Each structure stands twice: as C-alpha cells, then as structure tokens.
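One file, model38.tsv, is given below (TSV, N, CA and C atoms).
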```tsv
chain	number	residue	atom	x	y	z
A	1	MET	N	87.18	54.52	160.99
A	1	MET	CA	86.48	53.43	160.38
A	1	MET	C	87.37	52.67	159.41
A	2	ALA	N	87.64	53.27	158.28
A	2	ALA	CA	88.38	52.57	157.24
A	2	ALA	C	89.87	52.66	157.52
A	3	LYS	N	90.56	51.60	157.20
A	3	LYS	CA	91.98	51.55	157.45
A	3	LYS	C	92.78	52.02	156.23
A	4	ALA	N	92.44	51.49	155.06
A	4	ALA	CA	93.18	51.86	153.85
A	4	ALA	C	92.21	51.97	152.69
A	5	LYS	N	92.55	52.83	151.74
A	5	LYS	CA	91.71	53.02	150.57
A	5	LYS	C	92.55	52.85	149.32
A	6	ALA	N	91.94	52.29	148.31
A	6	ALA	CA	92.56	52.20	146.99
A	6	ALA	C	91.52	52.69	146.00
A	7	VAL	N	91.79	53.79	145.35
A	7	VAL	CA	90.82	54.37	144.43
A	7	VAL	C	91.18	53.96	143.01
A	8	LYS	N	90.24	53.34	142.34
A	8	LYS	CA	90.42	52.94	140.94
A	8	LYS	C	89.51	53.81	140.08
A	9	LYS	N	89.47	53.52	138.82
A	9	LYS	CA	88.70	54.33	137.88
A	9	LYS	C	87.20	54.31	138.18
A	10	ASP	N	86.64	53.13	138.40
A	10	ASP	CA	85.19	53.00	138.56
A	10	ASP	C	84.75	52.66	139.98
A	11	TYR	N	85.69	52.42	140.87
A	11	TYR	CA	85.30	52.02	142.23
A	11	TYR	C	86.41	52.36	143.21
A	12	GLU	N	86.06	52.26	144.49
A	12	GLU	CA	86.99	52.52	145.58
A	12	GLU	C	86.97	51.31	146.49
A	13	ILE	N	88.13	50.77	146.80
A	13	ILE	CA	88.23	49.60	147.68
A	13	ILE	C	88.67	50.09	149.05
A	14	ILE	N	87.91	49.72	150.07
A	14	ILE	CA	88.19	50.16	151.43
A	14	ILE	C	88.43	48.92	152.29
A	15	LYS	N	89.56	48.88	152.99
A	15	LYS	CA	89.82	47.78	153.91
A	15	LYS	C	89.36	48.20	155.29
A	16	LYS	N	88.46	47.41	155.86
A	16	LYS	CA	87.92	47.73	157.18
A	16	LYS	C	88.87	47.27	158.28
A	17	ARG	N	88.62	47.72	159.47
A	17	ARG	CA	89.44	47.31	160.61
A	17	ARG	C	89.32	45.82	160.88
A	18	SER	N	88.20	45.22	160.47
A	18	SER	CA	87.99	43.80	160.68
A	18	SER	C	88.80	42.96	159.70
A	19	GLY	N	89.42	43.61	158.70
A	19	GLY	CA	90.20	42.89	157.72
A	19	GLY	C	89.44	42.59	156.44
A	20	ARG	N	88.15	42.87	156.44
A	20	ARG	CA	87.32	42.63	155.26
A	20	ARG	C	87.36	43.86	154.36
A	21	TYR	N	86.86	43.68	153.15
A	21	TYR	CA	86.89	44.76	152.17
A	21	TYR	C	85.49	45.24	151.82
A	22	ALA	N	85.39	46.52	151.55
A	22	ALA	CA	84.16	47.12	151.03
A	22	ALA	C	84.51	47.73	149.69
A	23	VAL	N	83.60	47.64	148.74
A	23	VAL	CA	83.81	48.22	147.42
A	23	VAL	C	82.70	49.23	147.18
A	24	LYS	N	83.10	50.47	146.90
A	24	LYS	CA	82.15	51.55	146.68
A	24	LYS	C	82.26	51.99	145.23
A	25	GLY	N	81.13	51.97	144.53
A	25	GLY	CA	81.11	52.36	143.13
A	25	GLY	C	81.27	53.86	142.97
A	26	LYS	N	81.48	54.30	141.72
A	26	LYS	CA	81.69	55.73	141.50
A	26	LYS	C	80.41	56.53	141.71
A	27	ASN	N	79.25	55.83	141.78
A	27	ASN	CA	77.98	56.51	142.07
A	27	ASN	C	77.77	56.70	143.57
A	28	GLY	N	78.70	56.20	144.40
A	28	GLY	CA	78.61	56.38	145.84
A	28	GLY	C	77.93	55.25	146.57
A	29	LYS	N	77.42	54.26	145.83
A	29	LYS	CA	76.75	53.12	146.47
A	29	LYS	C	77.72	51.95	146.57
A	30	TYR	N	77.52	51.14	147.61
A	30	TYR	CA	78.38	49.99	147.82
A	30	TYR	C	78.01	48.86	146.86
A	31	VAL	N	79.04	48.16	146.40
A	31	VAL	CA	78.88	47.04	145.49
A	31	VAL	C	78.87	45.77	146.34
A	32	ASN	N	77.95	44.85	146.05
A	32	ASN	CA	77.83	43.61	146.82
A	32	ASN	C	77.74	42.41	145.89
A	33	GLY	N	77.82	41.24	146.48
A	33	GLY	CA	77.57	40.00	145.76
A	33	GLY	C	78.69	39.62	144.80
A	34	ASP	N	78.27	39.06	143.66
A	34	ASP	CA	79.22	38.54	142.68
A	34	ASP	C	80.08	39.65	142.08
A	35	ALA	N	79.52	40.84	141.92
A	35	ALA	CA	80.29	41.95	141.36
A	35	ALA	C	81.43	42.34	142.30
A	36	LYS	N	81.17	42.36	143.59
A	36	LYS	CA	82.20	42.69	144.58
A	36	LYS	C	83.28	41.62	144.58
A	37	ALA	N	82.87	40.36	144.54
A	37	ALA	CA	83.84	39.26	144.54
A	37	ALA	C	84.72	39.31	143.30
A	38	ALA	N	84.12	39.62	142.15
A	38	ALA	CA	84.88	39.70	140.90
A	38	ALA	C	85.92	40.82	140.96
A	39	ILE	N	85.56	41.96	141.53
A	39	ILE	CA	86.50	43.08	141.66
A	39	ILE	C	87.65	42.71	142.58
A	40	LEU	N	87.33	42.11	143.73
A	40	LEU	CA	88.37	41.75	144.69
A	40	LEU	C	89.28	40.65	144.15
A	41	LEU	N	88.73	39.72	143.38
A	41	LEU	CA	89.55	38.69	142.75
A	41	LEU	C	90.48	39.30	141.70
A	42	ALA	N	89.96	40.24	140.92
A	42	ALA	CA	90.77	40.89	139.89
A	42	ALA	C	91.92	41.68	140.51
A	43	GLU	N	91.70	42.25	141.67
A	43	GLU	CA	92.74	43.02	142.36
A	43	GLU	C	93.64	42.13	143.21
A	44	LYS	N	93.35	40.83	143.23
A	44	LYS	CA	94.11	39.82	143.99
A	44	LYS	C	94.13	40.12	145.48
A	45	LEU	N	92.99	40.59	145.99
A	45	LEU	CA	92.87	40.85	147.42
A	45	LEU	C	92.27	39.66	148.16
A	46	ILE	N	91.58	38.80	147.44
A	46	ILE	CA	91.04	37.58	148.03
A	46	ILE	C	91.43	36.42	147.13
A	47	LYS	N	91.40	35.21	147.70
A	47	LYS	CA	91.71	34.01	146.95
A	47	LYS	C	90.41	33.42	146.42
A	48	PRO	N	90.46	32.77	145.25
A	48	PRO	CA	89.25	32.12	144.75
A	48	PRO	C	88.87	30.97	145.67
A	49	PRO	N	87.59	30.66	145.76
A	49	PRO	CA	87.17	29.56	146.64
A	49	PRO	C	87.75	28.24	146.16
A	50	ALA	N	88.06	27.36	147.10
A	50	ALA	CA	88.60	26.05	146.77
A	50	ALA	C	87.53	25.22	146.08
A	51	LYS	N	87.95	24.51	145.05
A	51	LYS	CA	87.00	23.67	144.33
A	51	LYS	C	86.75	22.40	145.12
A	52	LYS	N	85.49	22.01	145.20
A	52	LYS	CA	85.13	20.81	145.91
A	52	LYS	C	85.36	19.60	145.01
A	53	LYS	N	85.81	18.52	145.62
A	53	LYS	CA	85.99	17.29	144.86
A	53	LYS	C	84.62	16.69	144.57
A	54	ALA	N	84.49	16.11	143.40
A	54	ALA	CA	83.22	15.49	143.03
A	54	ALA	C	82.99	14.28	143.93
A	55	ALA	N	81.80	14.18	144.45
A	55	ALA	CA	81.46	13.06	145.33
A	55	ALA	C	81.31	11.81	144.48
A	56	ALA	N	81.79	10.70	145.03
A	56	ALA	CA	81.67	9.42	144.33
A	56	ALA	C	80.20	9.04	144.27
A	57	PRO	N	79.74	8.51	143.15
A	57	PRO	CA	78.32	8.14	143.07
A	57	PRO	C	78.01	7.02	144.05
A	58	ALA	N	76.88	7.17	144.70
A	58	ALA	CA	76.47	6.18	145.69
A	58	ALA	C	76.04	4.89	144.98
A	59	GLU	N	76.52	3.77	145.50
A	59	GLU	CA	76.16	2.49	144.90
A	59	GLU	C	74.80	2.07	145.42
A	60	ASP	N	73.97	1.59	144.51
A	60	ASP	CA	72.64	1.13	144.90
A	60	ASP	C	72.76	-0.26	145.52
A	61	LYS	N	72.19	-0.38	146.71
A	61	LYS	CA	72.18	-1.69	147.38
A	61	LYS	C	70.80	-2.30	147.17
A	62	PRO	N	70.76	-3.56	146.77
A	62	PRO	CA	69.46	-4.20	146.57
A	62	PRO	C	68.75	-4.39	147.92
A	63	ALA	N	67.44	-4.17	147.92
A	63	ALA	CA	66.65	-4.34	149.14
A	63	ALA	C	66.50	-5.82	149.43
A	64	GLU	N	66.57	-6.16	150.70
A	64	GLU	CA	66.46	-7.57	151.08
A	64	GLU	C	65.03	-7.96	151.29
```

Let me see whether you can do it: turn the structure in this file into structure tokens.
Amino acid sequence: MAKAKAVKKDYEIIKKRSGRYAVKGKNGKYVNGDAKAAILLAEKLIKPPAKKKAAAPAEDKPAE
C-alpha cells in the first residue's frame, strides 16, 4: 500500500502509490482538510495554491 513513511512527533506522513499523501495523527486517525494541507505545506511536500488575479470590475452599460 504505502510507498514511503515519514514519522514526526505528532503525525506520520505516508506517500501512497498514487503519489498523494496521507497524514495519520498520533491517535491513529487520519488528518483531513485544512489541517492536512497545513502539515504538508509546512513539510514542503505540496506547493501552495496559485493566487487568482482579481477580476476587473464589470462596467455598467446603460439600458437602451
């Protein structure tokens, strides 16, 4: 199943065969969501999402 493991103080990072990562807490449960993303960003295993450019405000056209 798992390809590589990195054990830290409070969690374990597992790289799956698909190339994705799983984070398992010290209580044995998997970490998901923002907490998982924060851990992977801190370990520099994933890149932060690209920031979207602000859309130009739409100009109001007068009705004919």

Self-check item: Gap from CA of Leu41 in chain A to CA of Lys26 in chain A - Å, one decimal
Solution: 18.8 Å

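One distance worth recording is that between atom C of Lys16 in chain A and atom N of Lys52 in chain A, which is 28.6 Å.
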
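If you look at atom N of Ala37 in chain A and CA of Ser18 in chain A, they are 17.3 Å away from each other.
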